[in-house]
Each structure stands twice: as C-alpha cells, then as structure tokens.
Amino acid sequence: MRTSQYLVSTLKETPANAEVVSHQFMLRAGLIRHLASGLYTWLPTGLKVLKKVENIVREEMERAGAIEVLMPMVQPADLWQESGRWEDYGPELLRLNDRHQRPFVLGPTHEEVITKLISHELSSYKQLPMNVFQIQSKFRDEIRPRFGVMRGREFLMKDAYSFHLGEECLQKTYQVMFDAYCRIFERLGLDYRPVLADTGSIGGDASHEFHVLAESGEDDIVFSDGSDFAANIEKAEALAPQGERPAATQTLEKVSTPNAKTIEQVAESLNIPATQTVKTLLVQGIAEEGQAAPIIALVLRGDHQLNEIKAEKLPLVASPLTMATDEQVLAASGANPGSVGVVGIDIPVIVDRSAAHLADFVCGANENDFHFTGVNWDRDCTNYQVEDIRNVVAGDPSPCGQGKLEIKRGIEVGHIFQLGKKYAEAMNCGVLTESGKHEVLNMGCYGIGVSRIVAAAIEQNHDKYGIKWPEAIAPFQVAIVPMNMHKSARVQETAEALYSELQQAGVEVLFDDRKERPGVMFADHELMGTPLLLVVGERNLDNQEVELKNRQTGEKSMIAIKDVLSLFDK
RNA sequence: CGGUGAUUAGCGCAGCUUGGUAGCGCACUUGGUUUGGGUCCAAGGGGUCGUAGGUUCAAAUCCUACAUCACCGACCA
C-alpha cells in the first residue's frame with residue numbers, strides 16, 4: 001500500500017472528549033471516527049486491525065471445533081417474548097417497528113435465534129454436541145457509552161453457542177472453549193487473566209471472564225498471592241473473620257454527633273477508626289402482591305463497600321438492587337440517612353460477616369444527629385441474619401484458603417458461560433435420545449468482544465508517541481520511509497524496489513511515498529504503531545544498506561538491502 | 001436516569017463578565033524556502049457561533065426552552 005493511495009488521517013492534537021489513551025490514539029492514528037454516542041466508523045487502518053483480531057478468533061474457534069454461521073442483527077420480538085427476555089432485558093434492548101408496525105429488536109446477543117435454529121435443525125442425539133459461532137455486529141443501547149469502542153453501543157462480537165445432551169458433555173466443551181480462549185489471547189499478544197465470574201443477566205451456572213489487565217479497566221479483579229485463584233470482585237467471597245467474636249466490654253451509650261453523616265465524619269468526631277463503626281444501608285425488599293415493597297437493612301463495617309451482586313441474590317432483597325428513598329428511610333428508621341442504625345429498628349436486618357464479628361461498635365441511633373457507642377450484637381440487636389454482602393478488599397484472605405487477595409483493574413474481553421437448559425427449555429430445543437425420548441439440550445455460550453480487544457491492546461501497548469502493536473494485529477508489518485525521495489533518484493529506486501519485492505513476497509507493507517519531511521513521517525508511523533520501519537536514505541546507500549527501526553524495542557540497526565526479505569521468513 | 005461541564009472553521013481553543021459586522025494555532029490550497037525527527041516566509045479558501053424562540057436600534061455575547069456531546073454513579077463483550 002502506498003500512502004498516496006491510502007487514507008492516513010493522523011491527527012496532531014488530541015480530540016477534547018477522548019478520555020482514555022486507547023480512544024485518543026485510535027482517533028489520532030486514524031483508526032476510527034466518531035459518528036454519534038457509542039457509534040464509530042472504522043477507517044482503513046482500524047479495519048485492518050479489527051480484521052486481524054477477527055481472523056485469529058475465527059481460526060482458533062474453528063480449531064476448537066466450532067462452525068461459523070451468520071445470524072441477522074434484526075430479530076422478531078416474538079422470539080424474545082418466548083424466552084422471557086422481552087421483559088427481562090430492559091432498556092438496553094433497542095426495540096423498533098417495521099412498516100407494518102411489527103415489533104423487532106436489534107440483537108444484543110443471539111441465544112434466542114440460535115436456539116430456535118438448532119431446535120429446527122437438530123433432531124437426534126447423534127448430531128451432538130454441536131458448537132456454532134458467528135462474528136457479527138451487536139447493538140446494546142448502553143446507559144453510558146464511553147471510552148470510544150471500549151464501550152460502544154454497536155460493536156463487533158464473536159458469539160458461540162454449544163448444545164449438549166447432559167451436563168458432562170457441556171463441561172467438556174466449556175473446557176475446550178476455555179483453552180481456545182487462552183490460545184486466542186496469547187496469539188493476540190495480550191497480558192490477560194481468566195477469572196471466575198458472576199453469570200449476570202444471561203443466566204446459567206458456571207462462568208469465567210477473560211480480562212486484559214490495564215489501569216483503565218472498568219472491572220476490579222482479585223487475585224490470591226498464594227494460589228492461582230482469580231475472580232471478578234463481584235464474585236469473590238469475603239470469608240468470615242477468624243475466631244470468636246470478642247466479648248462486649250462497653251455499655252450502650254447514646255452520643256450526640258451533630259453534622260456527622262458519613263462514616264468518616266462519625267469516626268473523626270468520636271475519634272475511632274472506621275473499622276469500629278457499622279453503616280446501615282436501607283434497600284427495597286421484594287413486594288408482596290399489591291403491596292408496597294418492604295425495606296431491608298444491610299449492615300456493613302464502616303470501611304467496607306456493599307457488593308450489589310451478592311446483595312440482590314438474597315431472597316429478601318429486590319433485584320435489581322434499589323436503595324430506599326429518603327422518605328422510606330425516615331419512615332422505617334425514624335431518622336434521615338446518616339443516622340440510621342441497628343438498635344431497635346423494626347425491619348429485617350442482614351449483617352455482613354465482618355460487621356457481625358464486631359464488638360463495642362458504633363452505629364446510628366435512628367434519631368437525627370445521634371449515634372450509639374458500645375453496641376453489641378445479640379445484646380442490643382437480637383433479630384438479624386449474617387451473610388456475605390461486601391466487596392473483598394486487598395489483604396483479605398483468599399476464599400480458596402491460600403494466600404491473601406490483591407486487586408487489579410481489568411478490561412473484560414471475553415466471557416464464557418454454562419447456560420444449562422434455560423433457553424433450550426423456553427424455546428423447546430431438544431433431540432431424541434438413544435432410548436427414543438425427547439430431551440431438552442444443555443447449552444453453553446461464549447463471547448469475545450472483538451472491537452473491544454483492539455482498544456484493550458492499545459491500552460496495554462503504547463508509549464507517549466503512539467501505539468506499539470503486537471505483531472499479530474499490526475495493520476502493517478513494515479513501513480518503508482524514504483528520506484527526501486524527490487531529491488534522490490537512488491533513494492527512490494531503492495524504495496520502489498524494496499516495496500515491490502516485499503509486496504510480491506506477500507508482506508503487508510506501507511510505502512510512505514508522500515512528499516513529507518522525515519520528522520512528519522516518523523511521527524505518523526510511531527503514532528500508527530507499525531512494528532518495523534525501513535528507513536531508506538542517501539547516507540547508507542553506498543553500503544547497500546537501509547536502517548531498520550523496531551517500534552516495540554526502539555532499537556535501530558543497519559541491514560543489507562538484499563537481506564530485508566529474510567526478515568519476513570516465516 | 002440522576003449529578004457536573006461543554007457546544008464558535010476539519011482539530012485544539014480565545015472572544016461572552018461590560019451587546020456594536022467573528023479571531024488565534026494546527027490542518028488545507030498556491031508560490032517560494034528547507035530537508036535524517038512535526039522547517040520558515042508570503043498569499044489564500046473555509047464558520048447559519050448546536051437549534052428554536054425572546055429582549056434590543058443591534059445578540060456568539062443577555063433571557064427561556066430544547067438538542068447533542070463528554071465526564072462521575074448503576075449495565076456488559
């Protein structure tokens with residue numbers, strides 16, 4: 001490719017509303033352009049990268065025995081009514097009508113379509129197991145698109161679905177997919193971790209996420225330093241503190257705490273650590289038929305954070321988790337938020353394991369501007385239930401029993417689920433077994449965010465000058481950068497000869513034949529992250545050499561022109 | 001959806017307080033100059049100042065509404 005016949009589209013300045021480096025460099029290097037919130041055009045260079053990622057994913061899926069299909073992005077609403085997700089999926093599902101006012105959705109995922117398809121196409125156990133995948137645009141009407149293609153509304157995803165008789169078979173394919181995912185992320189050249197995950201709205205039993213480690217990641221990943229345990233913080237169990245709860249030594253005392261609403265303020269005004277306080281969060285419970293939702297108290301140690309996923313799985317607590325309104329707090333406790341506590345409150349109380357292990361602690365007095373000190377469980381609050389409802393923090397013991405936990409940020413680029421029979425049952429998808437009985441199939445589903453990987457790769461591979469692509473996904477393998485070609489026939493001839501030689505050898509080469517100054521060219525290629533630069537200049541031609549620059553390492557070396565091709569021997 | 005902020009040329013911004021015929025840098029075009037790390041000089045092209053309404057002799061500037069975009073919180077590949 002010659003730059004003169006190509007769209008380079010680099011930007012000197014960083015667009016104002018790009019926050020993370022990957023978004024900034026994707027705009028500056030001319031990979032994408034913004035169209036509307038969460039919607040991007042892929043420019044030629046960006047598309048090359050996207051296709052490379054896509055192909056690696058495709059190759060490894062096929063190697064793992066999955067077969068490719070392509071399903072429509074627009075799907076009839078009745079499929080979604082059949083699975084129950086027309087109601088469950090919420091406003092992220094973009095719904096639209098056709099000219100006959102028939103309702104459709106823009107597919108955010110394809111469990112319904114594939115399950116319908118398989119229920120028609122498969123009729124015998126002999127055809128199982130089957131694993132099909134597609135690489136296709138998805139649309140999710142995200143509440144808040146951000147970070148460029150990292151969280152776009154329309155994005156490219158690889159989604160695979162496997163079908164099985166029995167759980168054992170599903171688990172086997174699940175493991176095959178797990179291994180295939182590891183190979184994919186290794187081939188992409190990314191620093192990644194598989195972690196235990198919550199199954200979320202897709203539902204099902206077992207689940208792993210694959211995260212690319214990066215500071216800008218939106219997820220907290222916890223690791224044990226004493227084993228290979230790794231989990232999304234949503235899923236990581238916080239163990240109960242060791243040993244017996246200390247005995248009560250203080251008496252219950254009401255103290256005035258004017259203007260102390262937050263845990264920090266309370267701890268400071270009473271001169272105690274936050275670990276000696278508890279906070280009482282009031283949330284909506286599950287409403288009985290025709291009645292208002294009851295209010296539930298969730299109690300955490302002052303320094304801990306509520307884990308909403310854990311909380312909304314409790315049978316008493318409404319899902320999605322909804323905080324009580326200020327009026328409900330006042331009605332249920334007799335105080336405003338900031339002064340609510342566990343002593344004498346007449347609603348169900350659910351206490352985190354760590355909070356339940358405290359003695360002589362501080363909590364709100366259910367009276368504005370007052371707190372209790374010297375509070376003790378069973379003596380001052382008798383009716384409560386203990387659960388794990390907090391986020392783990394760094395230093396907590398690992399739930400695997402070995403080591404302590406540390407926390408890092410990750411970008412979720414893959415997610416695999418064992419779905420079980422949820423969709424197969426709803427869509428009546430089954431086959432005849434060996435004994436001639438109809439049996440509903442077990443399903444697995446396996447996603448990879450193809451476009452998100454492009455952004456994640458940049459988050460992990462860049463410097464202040466631009467992108468440093470891993471070789472496997474670089475838009476070009478090498479760029480030829482001639483120095484003042486228009487002034488030197490020798491430079492021009494050499495560059496042209498190199499270009500056609502590399503092209504004929506099938507090397508992906510970008511020939512910078514623009515009449516630009518050297519600095520402009522260097523800056524552009526560093527921004528675009530081409531792994532290798534061949535600098536053709538008058539000064540080395542007497543020796544029949546060109547300069548070779550490596551973008552990853554920054555190394556420069558001389559190479560004989562006749563040896564250039566051997567760089568690309570596979 | 002709640003909170004915050006923004007919207008002036010392709011990009012980055014100034015101008016608004018105190019109303020008076022829209023500016024800077026980069027990019028673009030032309031000519032010259034320079035040439036191994038974003039040269040320099042000159043001349044040019046490009047803007048219904050987000051939209052609609054209002055106040056006023058006069059609105060980018062003041063007022064009202066709406067729209068769009070981004071950031072912080074809940075969703076997910």
# chains A, B, ... in the order shown; residues from 1 in each chain; ligands from 1

$ residues_around --residues "A:Gly334" --least-positions-apart "2" --cutoff "6 Å" --atoms "only C-alpha atoms (C1' of nucleotides)" --output "PyMOL selection string"
chain A and resi 330-331+366

$ interface_residues --of "chain B" --to "chain A" --cutoff "12 Å" --atoms "only C-alpha atoms (C1' of nucleotides)" --output "MDAnalysis selection string"
chainID B and resid 1 5:7 10:13 25:27 34:39 68:77

$ atom_distance --atom1 "atom C1' of B:U30" --atom2 "atom C1' of B:G46"
15.2 Å

$ select_by_dssp --residues "stretch 230-425 of chain A" --states "helix (DSSP H, G or I)" --output "PyMOL selection string"
chain A and resi 263-270+274-276+308-312+326-333+355-357+422-425

$ select_by_dssp --residues "stretch 452-507 of chain A" --states "strand (DSSP E)" --output "ChimeraX atom specification"
/A:462-463,466-467,478-482

$ write_last_selection --atoms "C-alpha atoms" --output "PDB file, in the first residue's frame"
ATOM      1  CA  HIS A 462       1.580   2.253  23.841  1.00  0.00           C
ATOM      2  CA  ASP A 463       4.022   4.985  24.774  1.00  0.00           C
ATOM      3  CA  GLY A 466       1.600   6.308  19.971  1.00  0.00           C
ATOM      4  CA  ILE A 467       0.600   2.699  19.574  1.00  0.00           C
ATOM      5  CA  VAL A 478       6.517  -2.857   7.984  1.00  0.00           C
ATOM      6  CA  ALA A 479       6.665   0.667   6.577  1.00  0.00           C
ATOM      7  CA  ILE A 480       9.177   1.951   4.058  1.00  0.00           C
ATOM      8  CA  VAL A 481      10.169   5.511   4.917  1.00  0.00           C
ATOM      9  CA  PRO A 482      12.336   7.129   2.244  1.00  0.00           C
TER      10      PRO A 482
END

$ residues_around --residues "A:Ser207" --least-positions-apart "3" --cutoff "12 Å" --atoms "only C-alpha atoms (C1' of nucleotides)" --output "VMD selection string"
chain A and resid 171 174 to 175 177 to 178 194 to 200 202 to 204 210 231 to 232 235 414 to 420 444 to 447

$ residues_around --residues "A:Ala230" --least-positions-apart "4" --cutoff "10 Å" --atoms "only C-alpha atoms (C1' of nucleotides)" --output "list of chain:residue names"
A:Arg193, A:Pro194, A:Val195, A:Leu196, A:Ala197, A:His208, A:Ile221, A:Val222, A:Phe223, A:Ser224, A:Asp225, A:Lys235, A:Ala236, A:Ser398, A:Pro399, A:Cys400, A:Leu405, A:Glu406, A:Ile407

$ write_last_selection --atoms "all heavy atoms" --output "tab-separated table (two decimals), in the first residue's frame"
chain	number	residue	atom	x	y	z
A	193	ARG	N	-6.00	-12.48	31.99
A	193	ARG	CA	-6.25	-13.46	33.06
A	193	ARG	C	-7.67	-13.98	32.94
A	193	ARG	O	-8.61	-13.19	32.79
A	193	ARG	CB	-6.13	-12.80	34.44
A	193	ARG	CG	-4.79	-12.23	34.77
A	193	ARG	CD	-3.77	-13.29	35.17
A	193	ARG	NE	-2.55	-12.66	35.64
A	193	ARG	CZ	-1.64	-12.08	34.85
A	193	ARG	NH1	-1.82	-12.07	33.55
A	193	ARG	NH2	-0.57	-11.51	35.36
A	194	PRO	N	-7.84	-15.29	33.02
A	194	PRO	CA	-9.19	-15.83	33.18
A	194	PRO	C	-9.60	-15.73	34.65
A	194	PRO	O	-8.78	-16.02	35.53
A	194	PRO	CB	-9.05	-17.30	32.76
A	194	PRO	CG	-7.60	-17.61	32.78
A	194	PRO	CD	-6.81	-16.34	32.92
A	195	VAL	N	-10.81	-15.30	34.92
A	195	VAL	CA	-11.25	-15.16	36.31
A	195	VAL	C	-12.66	-15.71	36.48
A	195	VAL	O	-13.46	-15.70	35.54
A	195	VAL	CB	-11.22	-13.67	36.77
A	195	VAL	CG1	-9.86	-13.05	36.52
A	195	VAL	CG2	-12.30	-12.86	36.08
A	196	LEU	N	-12.95	-16.16	37.67
A	196	LEU	CA	-14.31	-16.60	38.00
A	196	LEU	C	-15.24	-15.41	37.90
A	196	LEU	O	-14.91	-14.31	38.32
A	196	LEU	CB	-14.37	-17.12	39.43
A	196	LEU	CG	-13.81	-18.50	39.69
A	196	LEU	CD1	-13.78	-18.75	41.19
A	196	LEU	CD2	-14.67	-19.54	38.98
A	197	ALA	N	-16.44	-15.63	37.36
A	197	ALA	CA	-17.33	-14.50	37.12
A	197	ALA	C	-18.75	-14.80	37.55
A	197	ALA	O	-19.17	-15.95	37.64
A	197	ALA	CB	-17.32	-14.16	35.64
A	208	HIS	N	-16.68	-17.95	33.45
A	208	HIS	CA	-15.38	-17.29	33.57
A	208	HIS	C	-15.35	-16.07	32.66
A	208	HIS	O	-15.91	-16.10	31.57
A	208	HIS	CB	-14.24	-18.21	33.15
A	208	HIS	CG	-13.91	-19.26	34.16
A	208	HIS	ND1	-14.58	-20.46	34.23
A	208	HIS	CD2	-12.99	-19.27	35.15
A	208	HIS	CE1	-14.08	-21.18	35.22
A	208	HIS	NE2	-13.12	-20.49	35.81
A	221	ILE	N	-10.47	-6.96	39.54
A	221	ILE	CA	-10.18	-8.39	39.53
A	221	ILE	C	-9.37	-8.70	40.77
A	221	ILE	O	-8.43	-7.98	41.09
A	221	ILE	CB	-9.29	-8.75	38.31
A	221	ILE	CG1	-9.85	-8.13	37.04
A	221	ILE	CG2	-9.15	-10.24	38.17
A	221	ILE	CD1	-11.17	-8.63	36.69
A	222	VAL	N	-9.74	-9.76	41.48
A	222	VAL	CA	-8.99	-10.11	42.67
A	222	VAL	C	-8.18	-11.37	42.42
A	222	VAL	O	-8.63	-12.29	41.75
A	222	VAL	CB	-9.91	-10.27	43.91
A	222	VAL	CG1	-10.81	-9.05	44.06
A	222	VAL	CG2	-10.75	-11.52	43.82
A	223	PHE	N	-6.95	-11.37	42.96
A	223	PHE	CA	-6.04	-12.50	42.81
A	223	PHE	C	-5.55	-12.92	44.18
A	223	PHE	O	-5.40	-12.09	45.06
A	223	PHE	CB	-4.79	-12.07	42.02
A	223	PHE	CG	-5.07	-11.57	40.64
A	223	PHE	CD1	-5.27	-10.22	40.41
A	223	PHE	CD2	-5.14	-12.45	39.59
A	223	PHE	CE1	-5.53	-9.76	39.13
A	223	PHE	CE2	-5.40	-12.00	38.32
A	223	PHE	CZ	-5.59	-10.66	38.08
A	224	SER	N	-5.29	-14.19	44.31
A	224	SER	CA	-4.62	-14.66	45.51
A	224	SER	C	-3.12	-14.66	45.27
A	224	SER	O	-2.68	-15.04	44.19
A	224	SER	CB	-5.08	-16.07	45.87
A	224	SER	OG	-4.21	-16.60	46.85
A	225	ASP	N	-2.36	-14.22	46.27
A	225	ASP	CA	-0.90	-14.28	46.11
A	225	ASP	C	-0.36	-15.65	46.51
A	225	ASP	O	0.83	-15.90	46.42
A	225	ASP	CB	-0.21	-13.16	46.90
A	225	ASP	CG	-0.44	-13.26	48.39
A	225	ASP	OD1	-1.05	-14.25	48.85
A	225	ASP	OD2	-0.02	-12.33	49.12
A	235	LYS	N	-17.76	-11.58	42.31
A	235	LYS	CA	-17.95	-12.99	42.59
A	235	LYS	C	-17.12	-13.44	43.79
A	235	LYS	O	-17.35	-14.52	44.34
A	235	LYS	CB	-17.52	-13.78	41.34
A	235	LYS	CG	-17.67	-15.27	41.41
A	235	LYS	CD	-19.10	-15.67	41.17
A	235	LYS	CE	-19.23	-17.19	41.13
A	235	LYS	NZ	-20.64	-17.60	41.04
A	236	ALA	N	-16.11	-12.66	44.19
A	236	ALA	CA	-15.15	-13.11	45.19
A	236	ALA	C	-15.79	-13.11	46.58
A	236	ALA	O	-16.28	-12.09	47.05
A	236	ALA	CB	-13.93	-12.21	45.17
A	398	SER	N	-7.76	-15.19	50.89
A	398	SER	CA	-8.37	-15.70	49.68
A	398	SER	C	-9.42	-16.75	50.02
A	398	SER	O	-9.20	-17.59	50.90
A	398	SER	CB	-7.29	-16.33	48.79
A	398	SER	OG	-7.89	-17.00	47.72
A	399	PRO	N	-10.54	-16.74	49.33
A	399	PRO	CA	-11.58	-17.74	49.59
A	399	PRO	C	-11.13	-19.16	49.28
A	399	PRO	O	-11.75	-20.12	49.75
A	399	PRO	CB	-12.74	-17.32	48.68
A	399	PRO	CG	-12.23	-16.26	47.81
A	399	PRO	CD	-10.94	-15.75	48.35
A	400	CYS	N	-10.04	-19.31	48.53
A	400	CYS	CA	-9.54	-20.65	48.24
A	400	CYS	C	-8.79	-21.21	49.44
A	400	CYS	O	-8.43	-22.39	49.46
A	400	CYS	CB	-8.63	-20.64	47.02
A	400	CYS	SG	-7.03	-19.86	47.33
A	405	LEU	N	-5.53	-11.67	49.20
A	405	LEU	CA	-6.03	-11.16	47.93
A	405	LEU	C	-5.37	-9.85	47.55
A	405	LEU	O	-5.10	-9.01	48.41
A	405	LEU	CB	-7.54	-10.95	48.01
A	405	LEU	CG	-8.37	-12.21	48.18
A	405	LEU	CD1	-9.84	-11.86	48.32
A	405	LEU	CD2	-8.16	-13.15	47.00
A	406	GLU	N	-5.10	-9.69	46.27
A	406	GLU	CA	-4.75	-8.38	45.75
A	406	GLU	C	-5.73	-8.03	44.63
A	406	GLU	O	-6.38	-8.91	44.07
A	406	GLU	CB	-3.30	-8.32	45.28
A	406	GLU	CG	-2.86	-9.50	44.46
A	406	GLU	CD	-1.37	-9.43	44.15
A	406	GLU	OE1	-0.97	-8.39	43.60
A	406	GLU	OE2	-0.64	-10.38	44.45
A	407	ILE	N	-5.83	-6.74	44.33
A	407	ILE	CA	-6.85	-6.28	43.39
A	407	ILE	C	-6.19	-5.52	42.25
A	407	ILE	O	-5.33	-4.68	42.48
A	407	ILE	CB	-7.88	-5.38	44.11
A	407	ILE	CG1	-8.58	-6.18	45.22
A	407	ILE	CG2	-8.90	-4.84	43.11
A	407	ILE	CD1	-9.62	-5.43	45.98

$ residues_around --residues "A:Leu128" --least-positions-apart "6" --cutoff "9 Å" --atoms "only C-alpha atoms (C1' of nucleotides)" --output "NGL selection string"
:A and (122 or 163-165)

$ residues_around --residues "stretch 297-304 of chain A" --least-positions-apart "5" --cutoff "7 Å" --atoms "only C-alpha atoms (C1' of nucleotides)" --output "PyMOL selection string"
chain A and resi 263+274-275+277-283+347-352+354-355+390

$ atom_distance --atom1 "atom CA of A:Cys429" --atom2 "atom CA of A:Gly90"
24.6 Å

$ closest_residue --among "B:U33, B:A9, B:A43, B:A58" --to "B:U21" --atoms "only C-alpha atoms (C1' of nucleotides)"
B:A58

$ residues_around --residues "stretch 53-57 of chain B" --least-positions-apart "2" --cutoff "12 Å" --atoms "only C-alpha atoms (C1' of nucleotides)" --output "list in words"
G19, G20, U51, A59, C62, C63, U64, A65 and C66 of chain B

$ decode --residues "stretch 15-42 of chain B" --atoms "N, CA, C and O atoms (P, O5', C5', C4', C3', O3' and C1' of nucleotides)" --output "short mmCIF file (atom, residue, chain, number, x, y, z; two decimals), in the first residue's frame"
data_model
loop_
_atom_site.label_atom_id
_atom_site.label_comp_id
_atom_site.auth_asym_id
_atom_site.auth_seq_id
_atom_site.Cartn_x
_atom_site.Cartn_y
_atom_site.Cartn_z
P G B 15 -12.05 33.95 26.67
"O5'" G B 15 -12.62 34.91 25.55
"C5'" G B 15 -12.04 36.19 25.33
"C4'" G B 15 -12.73 36.85 24.17
"C3'" G B 15 -14.20 37.21 24.39
"O3'" G B 15 -14.31 38.49 24.98
"C1'" G B 15 -13.92 36.12 22.28
P C B 16 -14.82 38.61 26.51
"O5'" C B 16 -16.35 38.22 26.38
"C5'" C B 16 -17.26 39.05 25.68
"C4'" C B 16 -18.67 38.53 25.87
"C3'" C B 16 -19.12 38.43 27.33
"O3'" C B 16 -20.47 38.85 27.43
"C1'" C B 16 -19.23 36.30 26.29
P U B 17 -20.79 40.29 28.00
"O5'" U B 17 -20.35 40.16 29.51
"C5'" U B 17 -21.16 39.42 30.44
"C4'" U B 17 -20.46 39.36 31.76
"C3'" U B 17 -20.25 40.69 32.45
"O3'" U B 17 -21.42 41.11 33.14
"C1'" U B 17 -18.25 39.46 32.52
P U B 18 -21.62 42.63 33.40
"O5'" U B 18 -21.50 43.31 31.97
"C5'" U B 18 -22.14 44.56 31.72
"C4'" U B 18 -21.46 45.26 30.59
"C3'" U B 18 -21.24 44.41 29.34
"O3'" U B 18 -21.41 45.21 28.18
"C1'" U B 18 -19.16 45.23 30.11
P G B 19 -22.84 45.30 27.49
"O5'" G B 19 -22.58 44.73 26.02
"C5'" G B 19 -21.85 43.56 25.80
"C4'" G B 19 -22.13 43.08 24.39
"C3'" G B 19 -21.79 44.10 23.33
"O3'" G B 19 -21.32 43.41 22.18
"C1'" G B 19 -24.10 43.60 23.26
P G B 20 -19.96 43.83 21.47
"O5'" G B 20 -20.49 44.68 20.23
"C5'" G B 20 -21.22 44.03 19.19
"C4'" G B 20 -21.33 44.94 17.97
"C3'" G B 20 -20.06 45.68 17.60
"O3'" G B 20 -20.10 45.89 16.19
"C1'" G B 20 -21.75 47.24 18.06
P U B 21 -19.13 45.24 15.13
"O5'" U B 21 -20.08 44.37 14.20
"C5'" U B 21 -20.31 42.96 14.46
"C4'" U B 21 -20.31 42.21 13.17
"C3'" U B 21 -18.93 42.11 12.49
"O3'" U B 21 -18.95 41.00 11.59
"C1'" U B 21 -20.33 43.40 11.15
P A B 22 -18.85 39.58 11.96
"O5'" A B 22 -17.26 39.57 12.08
"C5'" A B 22 -16.67 40.01 13.28
"C4'" A B 22 -15.87 38.89 13.88
"C3'" A B 22 -14.90 38.21 12.92
"O3'" A B 22 -13.73 38.98 12.82
"C1'" A B 22 -16.04 36.62 14.29
P G B 23 -12.56 38.54 11.81
"O5'" G B 23 -11.69 37.60 12.72
"C5'" G B 23 -10.38 37.99 13.04
"C4'" G B 23 -9.89 37.31 14.27
"C3'" G B 23 -8.94 36.15 14.02
"O3'" G B 23 -7.66 36.60 13.60
"C1'" G B 23 -10.39 35.63 15.81
P C B 24 -6.69 35.67 12.78
"O5'" C B 24 -6.04 34.80 13.94
"C5'" C B 24 -5.22 35.44 14.92
"C4'" C B 24 -4.76 34.43 15.94
"C3'" C B 24 -4.13 33.17 15.37
"O3'" C B 24 -2.79 33.37 14.98
"C1'" C B 24 -5.66 32.57 17.06
P G B 25 -2.17 32.51 13.77
"O5'" G B 25 -1.92 31.09 14.44
"C5'" G B 25 -0.95 30.93 15.47
"C4'" G B 25 -0.98 29.51 15.99
"C3'" G B 25 -0.95 28.42 14.92
"O3'" G B 25 0.36 28.17 14.45
"C1'" G B 25 -2.66 27.94 16.46
P C B 26 0.56 27.61 12.96
"O5'" C B 26 -0.10 26.16 13.01
"C5'" C B 26 0.55 25.09 13.69
"C4'" C B 26 -0.34 23.86 13.71
"C3'" C B 26 -0.71 23.27 12.36
"O3'" C B 26 0.32 22.49 11.81
"C1'" C B 26 -2.62 23.40 13.72
P A B 27 0.49 22.43 10.21
"O5'" A B 27 -0.90 21.80 9.73
"C5'" A B 27 -1.15 20.41 9.91
"C4'" A B 27 -2.53 20.07 9.40
"C3'" A B 27 -2.77 20.42 7.93
"O3'" A B 27 -2.29 19.42 7.06
"C1'" A B 27 -4.57 21.22 9.24
P C B 28 -1.71 19.83 5.64
"O5'" C B 28 -2.99 20.42 4.90
"C5'" C B 28 -4.08 19.58 4.55
"C4'" C B 28 -5.11 20.38 3.80
"C3'" C B 28 -4.58 21.16 2.61
"O3'" C B 28 -4.47 20.35 1.45
"C1'" C B 28 -5.93 22.57 3.92
P U B 29 -3.24 20.54 0.46
"O5'" U B 29 -3.66 21.83 -0.35
"C5'" U B 29 -4.80 21.80 -1.20
"C4'" U B 29 -4.96 23.14 -1.87
"C3'" U B 29 -3.68 23.69 -2.48
"O3'" U B 29 -3.44 23.16 -3.77
"C1'" U B 29 -4.73 25.37 -1.21
P U B 30 -1.91 22.97 -4.26
"O5'" U B 30 -1.46 24.47 -4.54
"C5'" U B 30 -2.09 25.22 -5.56
"C4'" U B 30 -1.49 26.61 -5.61
"C3'" U B 30 0.03 26.67 -5.56
"O3'" U B 30 0.63 26.40 -6.81
"C1'" U B 30 -0.86 28.25 -4.07
P G B 31 2.08 25.73 -6.87
"O5'" G B 31 3.03 26.94 -6.49
"C5'" G B 31 3.12 28.06 -7.35
"C4'" G B 31 3.93 29.14 -6.70
"C3'" G B 31 5.29 28.71 -6.15
"O3'" G B 31 6.27 28.57 -7.16
"C1'" G B 31 4.20 30.09 -4.58
P G B 32 7.46 27.54 -6.95
"O5'" G B 32 8.33 28.19 -5.78
"C5'" G B 32 9.23 29.24 -6.07
"C4'" G B 32 9.65 29.94 -4.81
"C3'" G B 32 10.64 29.20 -3.91
"O3'" G B 32 11.96 29.25 -4.40
"C1'" G B 32 8.95 30.16 -2.59
P U B 33 12.96 28.05 -4.15
"O5'" U B 33 13.15 28.08 -2.56
"C5'" U B 33 13.88 29.14 -1.96
"C4'" U B 33 13.85 29.00 -0.46
"C3'" U B 33 14.41 27.68 0.08
"O3'" U B 33 15.82 27.69 0.17
"C1'" U B 33 12.33 28.13 1.10
P U B 34 16.61 26.35 -0.03
"O5'" U B 34 16.28 25.52 1.28
"C5'" U B 34 16.71 25.99 2.55
"C4'" U B 34 16.09 25.16 3.64
"C3'" U B 34 16.38 23.67 3.54
"O3'" U B 34 17.65 23.34 4.08
"C1'" U B 34 14.07 24.00 3.95
P U B 35 18.51 22.20 3.39
"O5'" U B 35 17.85 20.87 3.95
"C5'" U B 35 17.59 20.72 5.36
"C4'" U B 35 16.69 19.52 5.55
"C3'" U B 35 17.31 18.23 5.02
"O3'" U B 35 17.08 17.18 5.93
"C1'" U B 35 15.20 18.58 4.03
P G B 36 18.29 16.31 6.48
"O5'" G B 36 17.56 14.93 6.84
"C5'" G B 36 16.30 14.91 7.48
"C4'" G B 36 16.36 13.96 8.64
"C3'" G B 36 17.54 14.20 9.56
"O3'" G B 36 17.16 13.90 10.89
"C1'" G B 36 17.62 12.01 8.73
P G B 37 16.44 15.01 11.76
"O5'" G B 37 14.96 14.56 11.43
"C5'" G B 37 13.94 15.54 11.14
"C4'" G B 37 12.91 15.51 12.24
"C3'" G B 37 13.39 16.09 13.57
"O3'" G B 37 12.30 16.72 14.21
"C1'" G B 37 12.75 13.85 13.89
P G B 38 11.84 18.19 13.66
"O5'" G B 38 10.70 17.81 12.65
"C5'" G B 38 9.58 17.09 13.11
"C4'" G B 38 8.35 17.60 12.42
"C3'" G B 38 7.97 19.05 12.77
"O3'" G B 38 7.32 19.58 11.62
"C1'" G B 38 6.24 17.59 13.45
P U B 39 8.15 20.24 10.43
"O5'" U B 39 9.09 21.31 11.11
"C5'" U B 39 8.79 22.67 11.03
"C4'" U B 39 10.05 23.41 10.67
"C3'" U B 39 9.78 24.85 10.33
"O3'" U B 39 9.71 25.64 11.52
"C1'" U B 39 11.18 23.89 8.68
P C B 40 8.43 26.52 11.73
"O5'" C B 40 8.79 27.80 10.89
"C5'" C B 40 9.97 28.53 11.17
"C4'" C B 40 10.41 29.30 9.96
"C3'" C B 40 9.34 30.20 9.35
"O3'" C B 40 9.16 31.41 10.07
"C1'" C B 40 10.45 29.04 7.63
P C B 41 7.74 32.16 10.06
"O5'" C B 41 7.71 32.80 8.61
"C5'" C B 41 8.68 33.76 8.25
"C4'" C B 41 8.53 34.14 6.80
"C3'" C B 41 7.11 34.52 6.35
"O3'" C B 41 6.75 35.82 6.76
"C1'" C B 41 8.11 33.14 4.72
P A B 42 5.21 36.17 7.05
"O5'" A B 42 4.61 36.20 5.58
"C5'" A B 42 5.04 37.20 4.66
"C4'" A B 42 4.54 36.88 3.27
"C3'" A B 42 3.03 36.72 3.12
"O3'" A B 42 2.35 37.95 3.12
"C1'" A B 42 4.13 35.01 1.92
#
